[in-house]
Structure formats: C-alpha cells, structure tokens
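K.L.:
Mind looking over this structure? Questions follow.
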Number of protein chains: 4
Amino acid sequence: MTRKNKPLRSDIAWSSPDAITVKGFDLPDELMGKVNLGDMAFLELMDRLPTESESVLFNAMLVSLVEHGITPSSLVTRLTVAGAPEALQGAVAAGLLGLGSVFVGSIEDAARLLQAEVGAVDNDLRSVAARVVSDYRASGRILPGLGHPVHKPVDPRSLRLFELAARHGFSGRYVELMRLLSEEAERSYGRSLPVNATGAIGAIASEMGIPWQVGRGLGIMARAIGLVGHVVEELRNPMALEVWQRTEEEATAHLRHTSGN
Amino acid sequence: MTRKNKPLRSDIAWSSPDAITVKGFDLPDELMGKVNLGDMAFLELMDRLPTESESVLFNAMLVSLVEHGITPSSLVTRLTVAGAPEALQGAVAAGLLGLGSVFVGSIEDAARLLQAEVGAVDNDLRSVAARVVSDYRASGRILPGLGHPVHKPVDPRSLRLFELAARHGFSGRYVELMRLLSEEAERSYGRSLPVNATGAIGAIASEMGIPWQVGRGLGIMARAIGLVGHVVEELRNPMALEVWQRTEEEATAHLRHTSGN
Amino acid sequence: MTRKNKPLRSDIAWSSPDAITVKGFDLPDELMGKVNLGDMAFLELMDRLPTESESVLFNAMLVSLVEHGITPSSLVTRLTVAGAPEALQGAVAAGLLGLGSVFVGSIEDAARLLQAEVGAVDNDLRSVAARVVSDYRASGRILPGLGHPVHKPVDPRSLRLFELAARHGFSGRYVELMRLLSEEAERSYGRSLPVNATGAIGAIASEMGIPWQVGRGLGIMARAIGLVGHVVEELRNPMALEVWQRTEEEATAHLRHTSGN
Amino acid sequence: MTRKNKPLRSDIAWSSPDAITVKGFDLPDELMGKVNLGDMAFLELMDRLPTESESVLFNAMLVSLVEHGITPSSLVTRLTVAGAPEALQGAVAAGLLGLGSVFVGSIEDAARLLQAEVGAVDNDLRSVAARVVSDYRASGRILPGLGHPVHKPVDPRSLRLFELAARHGFSGRYVELMRLLSEEAERSYGRSLPVNATGAIGAIASEMGIPWQVGRGLGIMARAIGLVGHVVEELRNPMALEVWQRTEEEATAHLRHTSGN
C-alpha cells in the first residue's frame with residue numbers, strides 16, 4: 001500500500017471538559033438562551049449569526065416549510081411509527097427520504113436557475129425571463145418554483161415571504177427574476193403559474209447568499225420538526241393502519257374476485 | 001370482508017386555495033415573520049404557542065442539541081453524502097438513524113424516570129432519589145441523564161439550562177429531583193456523575209409539561225439541523241472517504257499479511 | 001488526551017488487485033456461479049456455507065419473508081419513490097424502517113423465548129409451555145409468534161416450514177416447544193392462535209443455531225428484495241399519490257367544514 | 001372538491017385465510033422449498049421464474065454484490081448500530097442510503113448507456129464504442145462501468161461474470177459493447193480501464209432483459225444481506241466507536257491547539 005494518509009479536519013465544533021465551542025461561539029454562554037433555533041440553523045449554514053433582518057426572514061422561510069399536514073412524507077412517518085413505535089428516529093428519517101426531486105427539490109432547482117441567470121450577460125431581467133421560459137418550454141422541462149395544485153391564483157406563503165423580503169431589504173434581482181419568470185410563464189402557457197413557496201424561498205435564499213446546493217437542506221431542517229408533530233398525533237390518534245388496510249383491500253380486490261375467494 | 005372502515009382524521013393542518021392553517025393559526029399571517037423556528041416546534045408538540053419564557057427556554061434546549069461536532073451520527077451523514085451526493089435527504093436521514101437508546105434516547109429515559117417518580121407517594125425528593133439510585137445500582141442499570149465522558153466535573157450545558165430554567169420559572173420538582181439523583185449517585189458510586197445535557201433537558205421538558213415519549217423527538221428535530229451543516233462542510237472539505245480508507249486498510253491488514261499479499 | 005487507540009479489525013472480506021476473499025472463500029471462483037443468494041446470506045450470518053438441507057430450509061424461510069403484498073412497509077416505499085424517484089435506495093430504506101417491534105420483530109421475540117426456555121430446568125416441554133403461557137397471560141404480554149389476523153385456523157407458511165424442517169432434520173425441541181405454546185395458548189385463551197410465519201421461522205432458526213439477536217435480520221434481508229419489487233410496480237403503475245390525496249381529503253374534511261370552505 | 005378517485009391496484013400478491021399468492025404462484029406450495037432467494041428476486045423483477053441458466057447467472061450477479069468488506073456503506077451501518085442497537089432495521093437502512101450515484105449507481109448508468117446504444121443506427125459496435133468514448137471524453141464525463149481503484153488490470157468478478165454469461169448463452173451484443181468500450185477507453189486514455197463488476201452486471205442484466213431503471217435495485221437487494229453481516233460482526237467485535245473517536249480527535253486537534261486546551 002503506497003497510499004498516504006490525508007489529514008482529517010472539521011471546523012464545526014469541539015469540546016473540552018468545561019467548554020463546547022460551535023463555529024467559534026461558546027455554546028452555553030453565547031448561543032443557548034440568546035439565539036433562537038432558526039438563528040442556530042443560519043449559523044450552521046453561513047458560519048456567522050444572522051442580522052436582525054436576516055433572522056426574521058430566515059426564520060419565516062423555515063417556519064413556512066415545517067408543516068403541510070398530510071403529505072406523502074408525513075404519511076410515511078405515520079406508517080413507519082405504526083410498525084416501529086420504539087424507534088421514533090426511524091419514523092422521522094423515513095419521512096425525510098421522500099423529500100427528493102418531486103417536492104422539496106424544487107427549492108434548489110429554483111435557486112440554481114436564479115443563481116445561474118442573474119449574473120448573465122443580458123442584464124435586462126425581463127428578457128432573461130422570456131428566454132428562460134422559452135428554452136424550458138422548447139425542451140419540455142418544467143420551470144421550478146412555479147404553479148401549485150391547490151394555491152391559485154397566488155400562493156399565500158409566497159406573498160408573505162416577498163412582503164417580508166421587501167421590508168427587510170432582501171428584495172433584489174433574484175426576487176425580481178423569479179416574479180418575471182412567473183409573468184412570462186403565465187403569458188406563454190396561458191394559465192395561472194404563480195411563484196409557489198419553494199420558488200419564493202429559492203429566490204430569497206439567493207438574496208441572502210445561500211448557495212443553491214443547500215436549498216434542499218432548508219426543507220429537510222424544517223420538515224424534520226413537522227414530522228415529529230405527526231409522530232405525536234399518530235401515537236395519540238392513529239390512522240396509518242386504517243389507510244394501509246383500505247389500500248390493501250382495494251388494490252387486491254381484482255385478484256380476489258378472479259379466483260372466487 | 002366484513003371489516004368496517006374507521007374514520008381518518010388529522011387536526012394538524014389544512015389548506016384551501018387562499019389559506020394554510022396550522023394548528024388553528026393562519027400560517028402566512030400569524031406564524032411566518034412572527035414566530036421563530038423553535039416556537040414553531042413548540043406549537044407542533046404542544047398545540048399552542050409558547051409564552052415568552054417558554055420560548056427562551058425551549059429554544060435554548062433545542063439550540064443545545066443542534067451540534068456536537070464529529071459524532072457517530074455526523075460521521076454517518078458524511079459517509080452517506082460521499083456515496084449519494086445527489087440525495088441530501090438520505091444523508092441527513094442516515095445520520096438521524098443512530099439517535100437511538102445509546103445517545104439521544106437518554107432524554108426520554110430521564111424524563112420518564114422523573115415523570116414516574118415526582119408524583120410518587122413519598123414526597124420527600126431526597127428519599128425518592130436515594131431509593132431510585134439504590135434500585136438502579138442493585139439491578140445493574142445505568143441511571144439516565146448522569147455522567148459524561150468529556151464534561152467533568154460538570155456539563156456546562158446543564159449549568160446553563162438550569163440557570164435559564166430558574167430565571168424563567170421552570171425550576172421545580174423535576175429539576176430538583178434530577179439534581180438530587182446526581183448527588184445521590186455521586187455519593188453511592190464515589191465518582192463524578194454530573195447531570196448531563198440530556199438529563200437537564202429531560203428535567204426541564206418535564207417542567208414544561210412535555211410528555212416523556214416525545215423526549216427523543218427534541219433531539220431529532222435539533223440534530224437534523226446540525227446534520228445539514230455537516231453535509232455542507234463535507235461537500236466543501238471532504239473527509240469521509242479518507243476515514244473509510246484508513247479503516248479498511250487497518251481492519252483487514254491481518255488478512256493481507258496472513259496470505260502474503 | 002490520554003486515550004490509547006484500540007485496534008480496528010474485521011474478518012469479513014478483503015481485496016487485493018487480483019482477488020476478493022469473503023469469509024475465507026474466493027468470491028469469483030468459489031462463490032459466484034456456485035452458491036445461490038440464500039446460501040450467501042447463510043454464509044454472512046454463520047461464517048460457513050450451508051449443508052444441502054440447511055440450504056433448502058434457509059432459502060425457504062427467506063423466500064417466505066420476501067413479499068406480503070401491500071403492507072405498511074411497501075406502502076411507505078411507494079410513497080417515498082413518488083417523491084424521490086431518483087433515489088431508489090431511499091425508497092427501499094424507508095420501507096425497511098417500519099420493520100420494528102410490531103411486525104418483523106416477532107421473529108426475534110419468538111426465537112429469544114425459545115432459546116431461553118428450551119434449556120430450562122424443567123425439561124418437560126409441555127409444562128414449560130404451560131408455565132410460559134400462564135406467565136405471559138398474567139402479566140398481560142402478547143406471546144410472540146402466535147396468531148394472525150388473516151390466516152386462520154392455520155398459517156399456510158408455518159405448515160410448509162414445519163414440513164420442510166421435519167423432512168430435513170430440523171424439527172427438534174425448539175419446533176416442538178413452539179407448537180406446544182400454540183396449543184397451550186389456544187386452550188388458555190379459548191381461540192385460534194396458530195403458530196404464524198414469524199413463530200415458525202423463530203423456531204427453525206433456533207434449530208439451525210442462529211442466535212435470536214439476528215432474527216430481525218432475516219426479515220430485513222428478505223424484505224429489501226420485495227421492496228424493490230414494489231418500486232418497480234409503483235413506477236409502472238403508480239398508486240401512492242392517490243392514496244395520499246384520498247387520505248388528506250378525508251382526514252382534514254372536518255376542518256374544512258368547520259370553517260365553511 | 002371535484003377530484004375523482006382513481007382506482008388502486010397492485011398485482012404483486014394477495015392473501016386469503018388459507019393461501020398466499022405471489023405473482024400468481026402459491027407461496028407455500030410453489031415457491032417455498034422449491035426456489036432459492038435469488039430466483040425469488042428474479043420473480044419480483046421479471047414477473048416469472050428464471051430458467052436454469054438465468055438462475056445461475058442472476059444468482060451469481062447478486063452474490064457478487066453482497067459483500068465488499070469495509071466500505072463507506074458498511075461503516076455507516078456499524079456506526080448506526082452502535083447508537084441504536086435495538087433498531088437493527090435502522091442500521092441496515094442507513095447503510096443502504098449511500099448506494100447512490102457514486103458507487104452502486106454505476107450499474108444503472110452502464111445499463112442505460114448500453115440499452116440506448118445497442119439499438120443505435122450504426123450497428124458496427126466497434127464504431128459505436130469509439131463514438132461513445134469520444135463523446136464522453138469531449139464532454140468530460142466519466143464512462144460508467146469502467147476502471148477500479150484496486151482491481152487492476154482486470155476485475156476478477158467481471159472475468160467470472162463474463163465467463164458464466166458465455167456458458168449460459170447471455171453473451172450477446174450488450175456484453176460485446178461493454179468490452180469494446182473498455183478497449184476503446186484504454187486506447188483513448190492510455191491507461192488500464194477494465195470493465196468493473198458494475199459494468200459487467202449492467203451488461204449482463206441488459207442481456208437478460210432487465211430495464212436499466214432497476215439496475216440500482218440489484219445492488220440494494222444484495223447489499224442489504226451483506227449489511228446484516230456487518231451488524232453481526234459489529235455487535236460481536238465492535239470497531240465503530242473507535243473509528244469515530246480517532247476521527248473526532250484528529251479532525252478537531254487544530255481547534256484545540258489554537259486555544260491552548
């Protein structure tokens with residue numbers, strides 16, 4: 001073996017018998033009791049504490065992502081806790097595993113698009129938006145961050161996030177481009193395609209300097225909290241096994257009838 | 001099939017085209033921009049928003065649990081993202097799966113013990129503590145929430161949490177019993193067994209009326225945030241594959257030598 | 001730091017440029033093309049290849065565990081792949097997470113009970129069975145490996161497994177005690193409590209010298225295969241999102257009506 | 001709500017009190033004791049039992065994927081079981097989550113490439129191979145299924161799989177193209193780029209009519225078995241916590257020194 005060891009190095013946190021330091025802050029003295037959980041999440045991502053405006057806006061984004069009621073993800077958590085009630089961590093982990101390209105992934109897709117295009121040569125954002133919509137339409141791809149099956153003609157979370165962004169000085173070119181993409185897409189497709197919550201978060205996260213690669217992480221952080229809430233309700237007022245049994249009966253009825261049972 | 005459908009019912013959240021309601025609150029208008037992420041977590045668990053004191057204390061507990069640097073759990077997240085960088089949700093889920101009986105589970109063990117014993121007949125907590133320590137010792141079980149491999153003679157997070165609890169009016173009989181357990185255990189075992197962070201959180205959560213069953217959920221909520229931070233560092237400054245390669249080489253060296261390779 | 005490194009050692013497998021050795025066997029020459037997947041699983045657990053009889057019986061046990069149609073676990077896999085179709089590994093992992101104490105865990109509970117009792121002082125197994133049933137009944141615990149919501153009065157998988165065990169010389173005292181437990185339980189409770197598949201597997205695994213701690217592992221190995229089958233069907237003929245939407249609508253209908261939406 | 005229910009339907013399996021049917025076969029009578037675990041996996045994927053030749057080859061492919069010793073994935077399983085030994089399913093699930101694009105994903109990438117190119121217009125496979133290598137090189141992409149950090153100049157598993165494929169009549173145009181890709185790539189890059197195990201499996205799975213989308217599923221099925229083996233060894237002869245502690249110490253040493261602790 002001629003492989004040479006490479007050094008291992010992490011700058012996140014370290015402990016001594018009487019101290020715990022996280023990203024340069026003394027955890028008990030400088031963070032606990034002084035910053036809220038959203039600020040702590042900001043520190044994890046950005047290596048510094050947020051300003052007051054950043055704190056309001058970042059907490060608002062995360063708060064908007066915590067809870068969406070019965071979703072595929074929360075249903076997964078409930079079905080899992082029904083089988084393994086002694087391993088709550090497994091139920092939450094299972095629920096997180098569905099946060100892929102179809103649902104929460106659109107945060108990072110929107111942020112990636114905006115972060116690629118805002119710095120483009122043609123700095124007229126209206127023409128950038130028109131070009132992007134036209135390109136996506138030509139190649140049959142879905143524009144990220146636009147449209148919602150329930151919230152029409154506007155997504156109330158996006159309205160609120162954009163209002164908070166404006167009030168706190170984070171309504172710049174990323175937010176503008178996101179809105180223009182909605183306008184151009186609605187014109188091109190002739191139907192309601194409002195900026196949805198993941199689009200608004202992708203835009204505002206970009207304003208705050210959060211790299212698009214981390215976009216999905218915002219959803220994961222927040223949803224873990226909501227999934228614990230679903231575990232609590234499932235333990236108190238279960239429904240998962242009823243959902244399973246109905247599904248099993250209906251889905252296999254044709255096999256039963258065929259064979260005369 | 002004679003099975004009768006049971007109703008399905010969830011009271012957590014629901015949506016209409018222009019509104020999203022979570023636990024009775026209008027999400028965009030009453031929560032986003034008004035409450036922080038820790039308050040939202042409190043709402044998920046307790047079905048109401050926290051008072052100002054509860055908000056400080058509950059956020060402090062969660063903040064204390066977000067980050068512990070390189071742990072088995074964060075190492076798992078880093079090794080997983082190295083193999084599946086396109087599925088960030090899987091890396092965080094993998095890291096959560098180790099939050100079982102050995103590490104974070106002690107929150108619920110401590111809370112369970114306290115919630116069972118504070119209402120016991122013998123209401124002199126010192127004698128309750130003495131009896132519990134003696135029982136655990138006799139049966140060879142480990143007392144939950146006491147002792148720490150690094151933090152000696154006190155865990156600085158517990159000090160801080162107890163100080164905040166006292167300031168905000170949550171230092172009652174659960175906290176007292178937790179401290180008495182530490183004193184009695186130190187006397188009985190003749191070594192340093194301070195209340196550790198999970199013990200302090202178990203006690204304060206009990207003061208706040210949080211059922212012991214949810215104790216592990218506090219750790220899961222918080223740690224999901226910290227694990228996203230480890231994904232970010234691993235993508236920027238990787239170490240997981242180096243850890244794996246060193247381990248693989250050392251762990252199989254004896255097989256190599258035996259066979260002369 | 002005064003901690004001294006402990007050695008790292010694994011005896012499972014190692015590689016050199018021209019060879020891969022697993023548990024002492026040359027993987028390409030001695031295993032691939034010569035043993036089947038069930039035999040390979042036996043090797044992983046027992047550090048040796050099975051005899052011909054062991055191979056038939058062990059494969060039969062695993063085959064019986066692969067597929068149970070629409071279960072909470074397979075529904076979880078389908079809901080997860082609907083959200084993250086690009087991460088098949090996450091969908092299978094999510095489905096495995098529900099294999100806890102309620103479902104597959106009964107294999108290890110049954111094996112543990114049998115392995116503890118077969119060596120008991122009173123070597124008349126009928127009286128062991130009577131004592132165990134009486135103890136469980138008195139303390140309100142559920143006897144593992146007995147009873148089934150659908151398969152009555154017998155579980156056809158158990159019948160088949162016991163027949164194979166007898167034919168291959170693995171029908172000894174563990175199998176006998178499992179059957180006696182069923183008889184005594186049916187007498188005591190006055191209802192049908194046949195040995196179910198997990199009970200039969202717990203008993204036969206004990207005959208084969210498999211430690212009870214590994215019992216759940218048999219279910220996990222087998223079910224991972226079945227869950228891939230559900231991913232394939234869900235991608236071809238999806239139903240997960242329909243299940244979710246129906247559930248969401250019914251579970252929140254009372255909230256909608258209350259508020260007049 | 002104007003949504004209309006869509007039917008739920010699954011054709012995999014169903015049960016009645018005295019029968020369990022999987023893909024049209026009576027589970028106890030026609031599968032248990034008659035087919036091995038690899039054949040059952042084939043049935044799950046292909047909706048029919050394998051021929052004798054398919055059985056040998058398919059089992060060989062899965063057997064080759066079960067165990068690779070200490071990998072990032074098995075290290076994850078071991079670190080997870082150290083924290084949650086009571087939830088074996090979580091440890092295996094965690095290990096599976098790293099089977100993404102970097103490692104096992106190359107099976108599906110190779111199969112996808114082959115399945116797209118074998119039917120291409122230019123039916124001279126040598127020129128297809130030359131074009132593909134040239135295209136990948138020009139766009140800086142990595143050719144799937146080629147090269148291995150340890151196994152040089154050939155991967156012994158690929159040798160064996162190709163030999164078995166030839167003997168059993170599955171060495172057609174997919175296998176030929178995979179080999180030609182290796183030859184053309186070695187010529188173009190001027191270094192050893194043998195077909196690795198994932199490349200061989202991608203090619204042979206294509207010969208067997210397995211859709212590329214399922215390629216990763218082969219790895220997941222097999223590896224779940226191997227990960228149970230690592231749980232067994234970790235419980236008997238632990239190393240995970242030692243790996244963690246060494247990593248933690250080295251990775252944070254620079255923080256300790258800076259601050260004089």
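We label chains A, B, ... in the order they appear in the structure tokens, count residues from 1 in each chain, and number ligands from 1 in the order shown.
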Within 6 Å of C:Gly145, counting only C-alpha atoms, which residues qualify if same-chain residues fewer than 6 places away don't, as a PyMOL selection string?
P.N.:
chain C and resi 106+110+195-196+198-199
K.L.:
Identify every residue of chain A that has at least one atom within 8 Å of any atom of chain D, counting only C-alpha atoms, and report the result as a ChimeraX atom specification.
P.N.:
/A:7-11,13-14,16,87,90,247,250-252,254-256,261
K.L.:
Using atom CA of C:Gly202 and atom CA of C:Val132 as the two end points, give the distance in Å to one decimal.
P.N.:
16.3 Å
K.L.:
What parts of stretch 23-79 of chain A does DSSP call alpha helix (DSSP H)? I'd like the answer as JSON, numbers by chain.
P.N.:
{"A": [37, 38, 39, 40, 41, 42, 43, 44, 45, 46, 52, 53, 54, 55, 56, 57, 58, 59, 60, 61, 62, 63, 64, 65, 66, 72, 73, 74, 75, 76, 77, 78, 79]}
K.L.:
Can you spit out the residues from that selection as a short mmCIF file (atom, residue, chain, number, x, y, z; two decimals), in the first residue's frame, using N, CA and C atoms?
P.N.:
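And here's selection06.cif as it stands now:
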```
data_model
loop_
_atom_site.label_atom_id
_atom_site.label_comp_id
_atom_site.auth_asym_id
_atom_site.auth_seq_id
_atom_site.Cartn_x
_atom_site.Cartn_y
_atom_site.Cartn_z
N LEU A 37 -33.75 28.90 17.44
CA LEU A 37 -33.36 27.72 16.67
C LEU A 37 -33.10 28.05 15.20
N GLY A 38 -33.86 28.99 14.65
CA GLY A 38 -33.63 29.39 13.26
C GLY A 38 -32.28 30.09 13.10
N ASP A 39 -31.91 30.90 14.08
CA ASP A 39 -30.60 31.56 14.03
C ASP A 39 -29.49 30.52 14.08
N MET A 40 -29.69 29.51 14.90
CA MET A 40 -28.70 28.44 15.01
C MET A 40 -28.56 27.73 13.67
N ALA A 41 -29.68 27.53 12.98
CA ALA A 41 -29.63 26.91 11.65
C ALA A 41 -28.87 27.81 10.67
N PHE A 42 -29.11 29.11 10.76
CA PHE A 42 -28.38 30.06 9.91
C PHE A 42 -26.87 29.95 10.18
N LEU A 43 -26.50 29.89 11.45
CA LEU A 43 -25.09 29.74 11.82
C LEU A 43 -24.49 28.47 11.22
N GLU A 44 -25.23 27.36 11.25
CA GLU A 44 -24.75 26.10 10.68
C GLU A 44 -24.44 26.26 9.18
N LEU A 45 -25.30 27.01 8.48
CA LEU A 45 -25.13 27.13 7.03
C LEU A 45 -24.15 28.21 6.62
N MET A 46 -24.12 29.32 7.39
CA MET A 46 -23.42 30.51 6.91
C MET A 46 -22.17 30.86 7.73
N GLU A 52 -30.51 41.11 12.44
CA GLU A 52 -31.90 41.04 12.88
C GLU A 52 -32.84 40.81 11.70
N SER A 53 -32.60 41.48 10.61
CA SER A 53 -33.45 41.29 9.43
C SER A 53 -33.30 39.88 8.87
N GLU A 54 -32.08 39.43 8.77
CA GLU A 54 -31.86 38.06 8.29
C GLU A 54 -32.56 37.05 9.20
N SER A 55 -32.51 37.30 10.50
CA SER A 55 -33.13 36.37 11.44
C SER A 55 -34.64 36.26 11.19
N VAL A 56 -35.31 37.40 11.04
CA VAL A 56 -36.76 37.38 10.78
C VAL A 56 -37.06 36.62 9.50
N LEU A 57 -36.34 36.96 8.45
CA LEU A 57 -36.63 36.39 7.14
C LEU A 57 -36.28 34.90 7.08
N PHE A 58 -35.13 34.54 7.63
CA PHE A 58 -34.70 33.14 7.59
C PHE A 58 -35.63 32.28 8.43
N ASN A 59 -35.98 32.76 9.62
CA ASN A 59 -36.96 32.02 10.42
C ASN A 59 -38.29 31.90 9.68
N ALA A 60 -38.72 32.94 9.02
CA ALA A 60 -40.01 32.88 8.29
C ALA A 60 -39.97 31.83 7.20
N MET A 61 -38.84 31.75 6.49
CA MET A 61 -38.72 30.73 5.43
C MET A 61 -38.82 29.34 6.04
N LEU A 62 -38.06 29.10 7.10
CA LEU A 62 -38.10 27.77 7.71
C LEU A 62 -39.48 27.46 8.30
N VAL A 63 -40.07 28.45 8.97
CA VAL A 63 -41.40 28.24 9.55
C VAL A 63 -42.40 27.85 8.45
N SER A 64 -42.26 28.44 7.28
CA SER A 64 -43.21 28.12 6.19
C SER A 64 -43.06 26.68 5.71
N LEU A 65 -41.92 26.06 5.98
CA LEU A 65 -41.64 24.71 5.47
C LEU A 65 -41.91 23.61 6.49
N VAL A 66 -42.19 23.96 7.73
CA VAL A 66 -42.31 22.95 8.80
C VAL A 66 -43.48 22.00 8.56
N PRO A 72 -47.35 12.97 1.37
CA PRO A 72 -46.73 11.65 1.26
C PRO A 72 -45.70 11.43 2.36
N SER A 73 -44.93 12.47 2.63
CA SER A 73 -43.87 12.37 3.63
C SER A 73 -44.41 12.14 5.05
N SER A 74 -45.45 12.86 5.45
CA SER A 74 -45.95 12.66 6.81
C SER A 74 -46.72 11.34 6.91
N LEU A 75 -47.32 10.92 5.81
CA LEU A 75 -47.99 9.61 5.80
C LEU A 75 -46.95 8.49 5.98
N VAL A 76 -45.80 8.64 5.36
CA VAL A 76 -44.71 7.68 5.53
C VAL A 76 -44.27 7.61 6.99
N THR A 77 -44.09 8.75 7.60
CA THR A 77 -43.69 8.77 9.01
C THR A 77 -44.73 8.05 9.88
N ARG A 78 -45.99 8.27 9.60
CA ARG A 78 -47.05 7.65 10.40
C ARG A 78 -47.11 6.14 10.17
N LEU A 79 -46.97 5.69 8.94
CA LEU A 79 -46.96 4.25 8.67
C LEU A 79 -45.75 3.59 9.31
#
```
K.L.:
Quick one, how far is atom CA of B:Ala19 from atom CA of A:Pro156?
P.N.:
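These two atoms are separated by 6.5 Å.
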K.L.:
Please report, as a PyMOL selection string, each residue of stretch 7-211 of chain D to which DSSP assigns strand (DSSP E or B) when run on this structure's backbone.
P.N.:
chain D and resi 13-16+19-22+25-26+146+195
K.L.:
What's the 6 Å shell around A:Arg216, counting only C-alpha atoms, without same-chain residues fewer than 2 positions away, as a list in words?
P.N.:
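My list of contacting residues is Gly105, Glu108, Val214, Leu218 and Gly219 of chain A.
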K.L.:
If you count only C-alpha atoms, which residues fall within 8 Å of D:Lys152, apart from same-chain ones fewer than 4 positions away, as a PyMOL selection string?
P.N.:
(chain C and resi 17-18) or (chain D and resi 148+192+194)
K.L.:
Just want the 10 Å neighbourhood of D:Phe170, counted on only C-alpha atoms, with same-chain residues fewer than 4 positions away dropped. Output as a list of chain:residue names.
P.N.:
D:Ser53, D:Glu54, D:Leu57, D:Phe162, D:Glu163, D:Leu164, D:Ala165, D:Ala166, D:Tyr174, D:Val175, D:Ala203, D:Ile204, D:Ala205, D:Ser206, D:Glu207, D:Met208
K.L.:
Write the residues you've just listed into a file as a compact mmCIF listing (two decimals), in the first residue's frame, and include C-alpha atoms for each of them.
P.N.:
```txt
# COMPACT_ATOMS: atom_id res chain seq x y z
CA SER D 53 -29.37 -20.69 -16.88
CA GLU D 54 -30.94 -17.43 -15.80
CA LEU D 57 -26.36 -16.14 -13.79
CA PHE D 162 -18.50 -12.83 -18.48
CA GLU D 163 -17.39 -16.47 -18.37
CA LEU D 164 -20.71 -17.51 -16.79
CA ALA D 165 -22.64 -15.37 -19.27
CA ALA D 166 -20.90 -17.06 -22.19
CA TYR D 174 -24.58 -5.74 -24.73
CA VAL D 175 -21.64 -7.66 -23.35
CA ALA D 203 -24.23 -5.56 -19.47
CA ILE D 204 -25.49 -8.98 -18.41
CA ALA D 205 -28.65 -7.55 -16.85
CA SER D 206 -29.28 -5.93 -20.24
CA GLU D 207 -28.83 -9.31 -21.94
CA MET D 208 -31.43 -10.72 -19.55
```
K.L.:
What is the atom CA of C:Leu193 to atom CA of C:Val154 distance in Å?
P.N.:
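Atom CA of C:Val154 lies 8.2 Å from atom CA of C:Leu193.
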